[in-house]
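Enquirer: What follows is a structure written as structure tokens; I'll ask about it next.
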Amino acid sequence: MCMKIKYLALTVGLSALACSSDVTMNERTVTMVGTDGGQAVSAQGELTLDFPAGALTNSTEITITTLRNADDEDTVGGLIFELGPDGVQFDQPVTLRFTDDDLEEASIVQIDDAGIALEYLETQISGGVAQADLQHFSRYSARRARRACRNLSCGTTCRLCPANAPGCVEPPVTRACGARGFCVRE
């Protein structure tokens, strides 16, 4: 049986000016998931983690911290999700589902603390839901692929990983610039 316990901690970080656009809001949920599987959901429901039976070797408190930063134009909804506990590896892939109306041509991306893309995960998008399988916890966001095709012609081979991120890993599919300026699967 999967026990679920949720806590919501709401922290609002304010800068010196009350009307600043640099406001970041953190929301955190904690859900107990057992070896028989279960589900953990972010505070506002944008992110869902589905754990199949056998993904975890022990019952584990799963944390989802939602970092909101409206100034990040590449990140869908300005949302970054920090998943924990840090360092947990899964025996079976865990499915991450991100829900938003603005997911066209986005990818789920593992990012570092500075927001630099480390790996673009193989992402399926359907009906406002982006989905990818995870092998471990880290920070993740849904990123638009639009910038990869800036100044490139339709059909030109493109990369999702920025040139200034040497540790970034491209998804294992060939991509090209599409008619709407996105870097898409060929």
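Letters A, B, ... mark the chains of the structure tokens in the order given; residue numbers begin at 1 per chain; ligand numbers begin at 1, in order shown.
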From a DSSP pass on the backbone, collect the residues of range 21-123 of chain A flagged as strand (DSSP E or B) and hand them back as a PyMOL selection string.
Expert: chain A and resi 24-34+37-41+47-51+60-68+75+79-84+89-99+106-111+117-120
Enquirer: With C-alpha atoms retained, write the just-selected residues as a CSV table (one decimal), in the first residue's frame.
Expert:
```
chain,number,residue,atom,x,y,z
A,24,THR,CA,10.7,33.8,-6.8
A,25,MET,CA,8.1,31.7,-5.1
A,26,ASN,CA,8.9,28.2,-3.8
A,27,GLU,CA,6.2,25.6,-3.1
A,28,ARG,CA,7.1,22.2,-1.7
A,29,THR,CA,5.2,18.9,-1.5
A,30,VAL,CA,6.3,15.7,0.3
A,31,THR,CA,4.7,12.4,-0.6
A,32,MET,CA,5.5,9.0,0.8
A,33,VAL,CA,5.9,6.4,-2.0
A,34,GLY,CA,6.5,2.7,-1.3
A,37,GLY,CA,4.7,2.3,-6.6
A,38,GLY,CA,2.6,5.5,-6.4
A,39,GLN,CA,2.3,9.1,-7.5
A,40,ALA,CA,3.6,12.4,-6.3
A,41,VAL,CA,2.2,15.7,-7.5
A,47,LEU,CA,4.1,18.2,-12.4
A,48,THR,CA,3.3,14.5,-11.7
A,49,LEU,CA,5.7,11.7,-11.0
A,50,ASP,CA,4.4,8.2,-11.6
A,51,PHE,CA,6.4,5.4,-9.8
A,60,THR,CA,10.8,7.1,0.4
A,61,GLU,CA,9.6,10.6,1.1
A,62,ILE,CA,9.5,12.2,-2.4
A,63,THR,CA,9.8,16.0,-2.5
A,64,ILE,CA,8.8,18.3,-5.3
A,65,THR,CA,9.9,21.9,-4.9
A,66,THR,CA,8.5,24.3,-7.5
A,67,LEU,CA,10.7,27.2,-8.2
A,68,ARG,CA,8.8,30.0,-10.0
A,75,THR,CA,11.4,27.8,-19.5
A,79,LEU,CA,8.8,26.8,-13.6
A,80,ILE,CA,11.7,24.7,-12.4
A,81,PHE,CA,11.1,21.5,-10.4
A,82,GLU,CA,13.7,20.3,-7.9
A,83,LEU,CA,13.0,16.6,-7.2
A,84,GLY,CA,14.3,14.8,-4.1
A,89,GLN,CA,18.4,6.2,-8.4
A,90,PHE,CA,15.4,4.2,-9.7
A,91,ASP,CA,15.3,0.4,-10.4
A,92,GLN,CA,12.5,1.1,-12.9
A,93,PRO,CA,12.1,4.4,-14.9
A,94,VAL,CA,9.8,7.0,-13.2
A,95,THR,CA,7.5,8.9,-15.5
A,96,LEU,CA,7.6,12.7,-15.2
A,97,ARG,CA,4.5,14.5,-16.7
A,98,PHE,CA,4.4,18.3,-17.0
A,99,THR,CA,1.1,19.9,-17.8
A,106,ALA,CA,9.2,21.8,-25.8
A,107,SER,CA,11.5,19.3,-24.2
A,108,ILE,CA,11.9,18.2,-20.6
A,109,VAL,CA,15.4,19.2,-19.6
A,110,GLN,CA,17.7,18.3,-16.6
A,111,ILE,CA,19.3,21.6,-15.5
A,117,ALA,CA,20.8,22.6,-19.6
A,118,LEU,CA,22.6,19.4,-18.7
A,119,GLU,CA,20.5,16.9,-20.7
A,120,TYR,CA,17.5,17.1,-23.0
```
Enquirer: With distances taken over only C-alpha atoms, which residue among A:Gln135, A:Gln44, A:Thr57, A:Thr157 lies nearest Asp100 in chain A?
Expert: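 Closest to Asp100 in chain A, using only C-alpha atoms: A:Gln44.
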